[in-house]
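Presented below is the structure to which this report refers.
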Amino acid sequence: MHVLEVNNLSKSFGKTRVIKNISFNVEEGEIVGFVGPNGAGKTTTLKLITDLIRPDEGEIIINGYPLKKRREAALGSLAGIIENPGLYVNLTGLDNLLFIAKVRGISKEKLQRAIDITGLGKNIHRQVRKYSLGMKQRLALGMCLMTEPKLLILDEPTNGLDPTGTMELRELMLKMVQEEGVSILFSSHMLGEVEKTADRVIYIKDGVLLDKTVPAFDSFFSIILNDPSEAAALLKGVEGILSMKVEGKDKLSVHMREGVISEVLRILTENNIRIHDINKQRDDLELIYSRIFRGVES
Amino acid sequence: MSKIILFELKKQFTSVKNMVVWLLLLVTLLAFGSINMARDLQFKKERLAYDNSAWDAAIQLNLLLQEYPKNPPENVQKAMDLWRRDAVYSAQQRVYTSWVGEDRWRDVVLANINRNENLLQGLREGIISGKSKSEGGVTEEDLINNINYNKYLYDNDIKPLNNIYQMTGINFLYRVLSELMPYLAAVVVLLLCSDCFASEVDWGSYKFLLLQPYPRGKFFTAKVLSCLVVALTVLGSSLLIVFVIMSVLNGTGSAKYPIAFDPNAFSSFAVTQKSEILVYLGASRFLLYAFILFALYIVFLTTFACLSSVLSQESLNAMTASISVTFAAAVLQSPISRMTYFSLFWPFSYGNAVTVMAGDAAGSMLAGFIVLISVSVLLVSISRIIFIKKDIIC
C-alpha cells in the first residue's frame, strides 16, 4: 500500500517554477532517501507534503487521505521535522511534548515512552533554549514518534549532529521501521547515511525527479569464470546490462540493473561457462550522485 | 481548541519579552502616580501661601465696599452688593479652606455654590457683562456647570479633591485613562502582540505547530484570543496593582465622585455640537463606560497587531511596522480630528475614552463601539484568510 502518493506536483514562487510536475510514492515500511543538490527542491517538496506550502497543481495523498480535501486526516497520519526541530525554546522539553500529547489525545504511557526515547532524562524539565542541537533533534523525534505516524518526514535530519548522534538517529530510524512499521521519507546531503539507511533513493534536480530515468541502486558484479570473453559475447544485448569489462583471463565485471543477475547466470550456465565465484558490489551512491548531478561518467 | 489556547497562553506568559513589557508598564504607572503625588505636595504648599494673600485681599475689598461710596445710584448699588457678596463668599472659601483643627470642606463647597449662584444672578441681570470663553470671560454655562458640580458634591457628601494631582485610587485611574493610556496602551499591546505569529517564523515552530492535524483557522483563533487575553491581563493587572497601591497611600476616593460627560456622546452617532451644559456621572459609572470603550480599543489594537504579525516574516519587522503605524496615527491625530467625517471612522480617534465621553471627539461612544468592533472584525477576517492561505516560509 502507498503510504504517500505524490502525483504531478508543481509549485512556483513568483515566476520561478521550483517544482515541476513530480510524482512518486512511498510504500508501507519503506525508508526512502531524497537526494539532490542545494536548491533542487527537496525542502519545498517536503513542505508541500506537510502542507506548510500549497501546490499550484497536483495531488498529495497520505495514508489514503487527499491532503487538500481531508487535510486533518492526512496530517493525522504524518509527523515530520522540516529543516530544523521547530520547538518552543522558552518552554521545557516536557511542555513541548505535553502540547502534542494533549492536542492529539495521547495517553500517559505513550508520553512516557516518548520521553524515554528522547533519552533526555532530567533535561526534559529544562528550557529547550538550553539544549544542544542533538538534544533538540532527539526531542523532536520523540514528539514525532509519540503520535505513531504512518509516515515520517525528515528534512536533513543529521544536519549538525556529531557522529554519535548520527549513528543514534540511524538506529532509531531503522528501529521505527522494524518495530512500528513507519515509512520514512528523508532528505540528506550525507550520501553515506542515505546509502546505509534508505531502501530506495529518489533524486531531484531543478525541481524535476530523476528516479524514473536513473535506477536507485544498480549493481556491480565481479564474476570469476573460465572464459570471460565468450561470456561477454553471450551476454551482449541482454536487457538490463549497462556495461561489461573483461579484466584479465578469468574476470568479467558487469554493471547491471537490480534483478538482472538471475538472467545472466541462466545464460552462462546454459552455455557451459563455469563460474568460480561471484562478488556483488552495490553501486556507490556518490558515483550515482556524481553521474546525475555533476555529469561524471562512472 | 481550549488546549491550544492554554498552550498559547503558556507560551506568551513565559516569554521574557512579555515579562519585560509588563514590568516596564508597571514602572511607568508607578512613576506617573509618584510624580503626581509629588506635585500634589508642592501644590498644597503653594496653595497655602496663595490662600493667605488672597484672604487678605478679600478682607480688604470687603472693607472697602462697605465704606465707599455713599448713596450711589441704584445700578451701582446693585453691582456693589453683588461684588460685596462675591467677596464674602470668596473670603469664606479661603477661610474654610485654611481652617485649622477641623476639615470645613462642606463650607468651602457651599461658599463656592453661593458665589457661583451670585455671579450667575449678576450675569442674568446684566450687572456682569458675560464675555465669550475665548475672551477669558465667564459664561452662564460655565457657572451652571460649576454650581451643578458643587451641588453634586454637597448633596452626595463627597469631599472634593485638593487638586487634580491628588492620587486617590479612582483619580489615578481617571488620569491614567485620559492622559497616559491612549499612547501607552498602544505601545504595550503592539509590543505584546505584534510578534505572536511572526515569532513562530523566527523560531521555526510553525513547522511543528502546523503539522498537527488541526485546521489552521483554529490555530489562528487560538492565537488571537490568547493575544487578547494577554493584552487585557497585562494592562488590567498593572492598572489594578497601581490602583491598589495608590488607594493604600492616598485613599480610594469616592466612587460617586462627579465626572462631567456630554450627554450627546451617548445619544447620537456623531457629536456635531458639544453640549454646553454638562451632566455629572459618578466616577465608578464613568470609569466603567470608559473602560468598556478602552477594552474595545485594546481589541482593535490586538487585531491590528495580529494582521501586522501575519503579514511579516520576522518579529522585529512586525513590531516595528505596527508601532510605526500607531506612532504616525498619534502624530496625525490632531489634523485628522479636524476632518470630522474621516475622524468619525478612524479607529485611533477612540483611543482616549475620556475625551469621547466628554464629547471632545468627533464620534460618540456609540460610534466608538460600532467603529472599533467593525474594524476589529474586518482586521481579524483579513488576517485569518491570509493565514489560512499563505505559504509558510520559515
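Chain identifiers are assigned as A, B, and so on, following the order in which chains appear in the C-alpha cells; residues are numbered from 1 within each chain, and ligands are numbered from 1 in order of appearance.
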
| field | Polymer residues at most 12 Å from B:Ser226, only C-alpha atoms, same-chain spacing of 4 or more positions, as a ChimeraX atom specification | value | /B:1-13,192-193,196-197,219-222,230-234,299,302-303,306

| task | Step one, run DSSP on the backbone; step two, keep only residues of stretch 52-164 of chain A assigned to strand (DSSP E); then write them as an NGL selection string. | result | :A and (57-62 or 65-66 or 78-81 or 151-155)

When you look at stretch 340-346 of chain B with a cut-off of 9 Å (counting only C-alpha atoms), what residues show up, excluding the ones that are within fewer than 6 positions of it in the same chain? I need them as an mmCIF file with N, CA and C atoms, in the first residue's frame.
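Written out: around_30.cif:
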data_model
loop_
_atom_site.group_PDB
_atom_site.id
_atom_site.type_symbol
_atom_site.label_atom_id
_atom_site.label_comp_id
_atom_site.auth_asym_id
_atom_site.auth_seq_id
_atom_site.Cartn_x
_atom_site.Cartn_y
_atom_site.Cartn_z
ATOM 1 N N PHE B 269 -24.659 59.358 17.091
ATOM 2 C CA PHE B 269 -23.506 58.674 16.500
ATOM 3 C C PHE B 269 -22.321 59.628 16.392
ATOM 4 N N ALA B 270 -22.612 60.812 15.847
ATOM 5 C CA ALA B 270 -21.558 61.814 15.719
ATOM 6 C C ALA B 270 -21.852 62.978 16.653
ATOM 7 N N THR B 272 -21.870 66.398 16.750
ATOM 8 C CA THR B 272 -21.730 67.560 15.865
ATOM 9 C C THR B 272 -21.545 68.834 16.673
ATOM 10 N N GLN B 333 -3.122 62.550 14.599
ATOM 11 C CA GLN B 333 -4.441 62.613 15.235
ATOM 12 C C GLN B 333 -5.012 64.031 15.235
ATOM 13 N N ALA B 361 -14.522 64.408 21.157
ATOM 14 C CA ALA B 361 -14.115 63.701 19.942
ATOM 15 C C ALA B 361 -15.217 63.843 18.894
ATOM 16 N N ALA B 362 -14.871 63.535 17.642
ATOM 17 C CA ALA B 362 -15.879 63.654 16.575
ATOM 18 C C ALA B 362 -16.974 62.613 16.753
ATOM 19 N N GLY B 363 -16.569 61.430 17.216
ATOM 20 C CA GLY B 363 -17.537 60.350 17.357
ATOM 21 C C GLY B 363 -18.007 60.205 18.792
ATOM 22 N N SER B 364 -19.184 59.639 18.919
ATOM 23 C CA SER B 364 -19.743 59.407 20.249
ATOM 24 C C SER B 364 -19.284 58.045 20.767
ATOM 25 N N ALA B 367 -20.594 55.564 18.343
ATOM 26 C CA ALA B 367 -19.741 55.479 17.151
ATOM 27 C C ALA B 367 -18.479 54.685 17.467
ATOM 28 N N GLY B 368 -17.931 54.928 18.661
ATOM 29 C CA GLY B 368 -16.723 54.210 19.082
ATOM 30 C C GLY B 368 -16.955 52.711 19.109
ATOM 31 N N VAL B 371 -17.474 51.492 15.362
ATOM 32 C CA VAL B 371 -16.252 51.576 14.542
ATOM 33 C C VAL B 371 -15.209 50.563 15.022
ATOM 34 N N LEU B 372 -14.984 50.530 16.332
ATOM 35 C CA LEU B 372 -13.929 49.640 16.845
ATOM 36 C C LEU B 372 -14.278 48.168 16.621
#

| message | Show me, as an NGL selection string, the residues of chain B whose atoms get within 12 Å of chain A, using only C-alpha atoms for the distance check. | response | :B and (1-18 or 199-219 or 387-394)

| Atom-to-atom span, atom CA of B:Lys44 and atom CA of B:Met167, Å | 13.2 Å

| Distance query B:Val325 at most 12 Å, only C-alpha atoms, self and fewer than 5 positions along chain excluded, as a list in words |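 Surrounding residues, per the criterion: Ala186, Val187, Leu190, Leu301, Phe304, Ala305, Ser308, Ala318, Met319, Thr320, Ala330, Val331, Leu332, Gln333 and Phe348 of chain B.
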
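Distance-wise, atom CA of A:Ala40 and atom CA of A:Leu185 end up 16.2 Å apart.
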
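Excluding A:Ile261 itself and same-chain residues fewer than 3 positions from it, the residues having an atom within 10 Å of it are Ser219, Phe220, Phe221, Gly240, Ile241, Val254, His255, Met256, Arg257, Glu258, Val264, Leu265, Arg266, Ile267 and Lys280 of chain A, counting only C-alpha atoms.
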
| message | Applying 6 Å and only C-alpha atoms, which residues near A:Ile61 remain after dropping the ones on its own chain fewer than 5 positions away? List them as a ChimeraX atom specification. | response | /A:4-5,66-67

Would you mind exporting the chosen residues as a short mmCIF file (atom, residue, chain, number, x, y, z; two decimals), in the first residue's frame, restricted to C-alpha atoms?
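Contents of again-v1.cif, freshly written:
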data_model
loop_
_atom_site.label_atom_id
_atom_site.label_comp_id
_atom_site.auth_asym_id
_atom_site.auth_seq_id
_atom_site.Cartn_x
_atom_site.Cartn_y
_atom_site.Cartn_z
CA LEU A 4 2.41 8.53 0.35
CA GLU A 5 1.35 9.29 -3.19
CA PRO A 66 -6.05 13.51 -0.07
CA LEU A 67 -4.21 16.34 1.66
#

Excluding same-chain residues fewer than 4 positions from A:Met167, what lies within 12 Å of it counting only C-alpha atoms, as an mmCIF file with N, CA, C and O atoms, in the first residue's frame?
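For reference, out.cif as written:
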data_model
loop_
_atom_site.group_PDB
_atom_site.id
_atom_site.type_symbol
_atom_site.label_atom_id
_atom_site.label_comp_id
_atom_site.auth_asym_id
_atom_site.auth_seq_id
_atom_site.Cartn_x
_atom_site.Cartn_y
_atom_site.Cartn_z
ATOM 1 N N GLY A 134 21.656 18.290 19.129
ATOM 2 C CA GLY A 134 21.358 16.859 19.200
ATOM 3 C C GLY A 134 20.190 16.580 20.134
ATOM 4 O O GLY A 134 19.323 15.750 19.835
ATOM 5 N N PRO A 157 17.906 15.354 8.546
ATOM 6 C CA PRO A 157 17.856 15.068 9.994
ATOM 7 C C PRO A 157 19.228 14.997 10.658
ATOM 8 O O PRO A 157 19.323 15.160 11.863
ATOM 9 N N THR A 158 20.281 14.767 9.881
ATOM 10 C CA THR A 158 21.598 14.627 10.514
ATOM 11 C C THR A 158 22.376 15.933 10.525
ATOM 12 O O THR A 158 23.498 15.965 11.027
ATOM 13 N N LEU A 161 24.499 17.164 13.581
ATOM 14 C CA LEU A 161 24.705 16.091 14.572
ATOM 15 C C LEU A 161 26.142 15.580 14.503
ATOM 16 O O LEU A 161 26.740 15.509 13.426
ATOM 17 N N ASP A 162 26.674 15.217 15.666
ATOM 18 C CA ASP A 162 28.009 14.620 15.669
ATOM 19 C C ASP A 162 27.873 13.149 15.245
ATOM 20 O O ASP A 162 26.761 12.635 15.094
ATOM 21 N N PRO A 163 28.997 12.452 15.019
ATOM 22 C CA PRO A 163 28.903 11.060 14.531
ATOM 23 C C PRO A 163 28.050 10.173 15.437
ATOM 24 O O PRO A 163 27.290 9.333 14.945
ATOM 25 N N GLU A 171 20.000 4.373 13.859
ATOM 26 C CA GLU A 171 19.477 3.195 14.571
ATOM 27 C C GLU A 171 18.004 3.391 14.926
ATOM 28 O O GLU A 171 17.194 2.476 14.807
ATOM 29 N N LEU A 172 17.706 4.619 15.328
ATOM 30 C CA LEU A 172 16.323 4.915 15.711
ATOM 31 C C LEU A 172 15.384 4.801 14.510
ATOM 32 O O LEU A 172 14.284 4.234 14.610
ATOM 33 N N MET A 173 15.851 5.294 13.375
ATOM 34 C CA MET A 173 15.029 5.220 12.165
ATOM 35 C C MET A 173 14.761 3.762 11.779
ATOM 36 O O MET A 173 13.633 3.376 11.458
ATOM 37 N N LEU A 174 15.812 2.961 11.821
ATOM 38 C CA LEU A 174 15.653 1.550 11.455
ATOM 39 C C LEU A 174 14.733 0.831 12.444
ATOM 40 O O LEU A 174 13.893 0.012 12.053
ATOM 41 N N GLY A 192 26.496 8.946 2.461
ATOM 42 C CA GLY A 192 26.813 7.715 3.175
ATOM 43 C C GLY A 192 25.657 7.292 4.061
ATOM 44 O O GLY A 192 25.309 6.105 4.135
ATOM 45 N N GLU A 193 25.054 8.256 4.712
ATOM 46 C CA GLU A 193 23.918 7.961 5.588
ATOM 47 C C GLU A 193 22.726 7.442 4.787
ATOM 48 O O GLU A 193 22.050 6.503 5.176
ATOM 49 N N LYS A 196 23.320 3.931 3.783
ATOM 50 C CA LYS A 196 23.225 2.955 4.870
ATOM 51 C C LYS A 196 21.791 2.758 5.340
ATOM 52 O O LYS A 196 21.444 1.720 5.881
ATOM 53 N N THR A 197 20.965 3.774 5.166
ATOM 54 C CA THR A 197 19.628 3.737 5.761
ATOM 55 C C THR A 197 18.514 3.441 4.761
ATOM 56 O O THR A 197 17.585 2.693 5.069
#
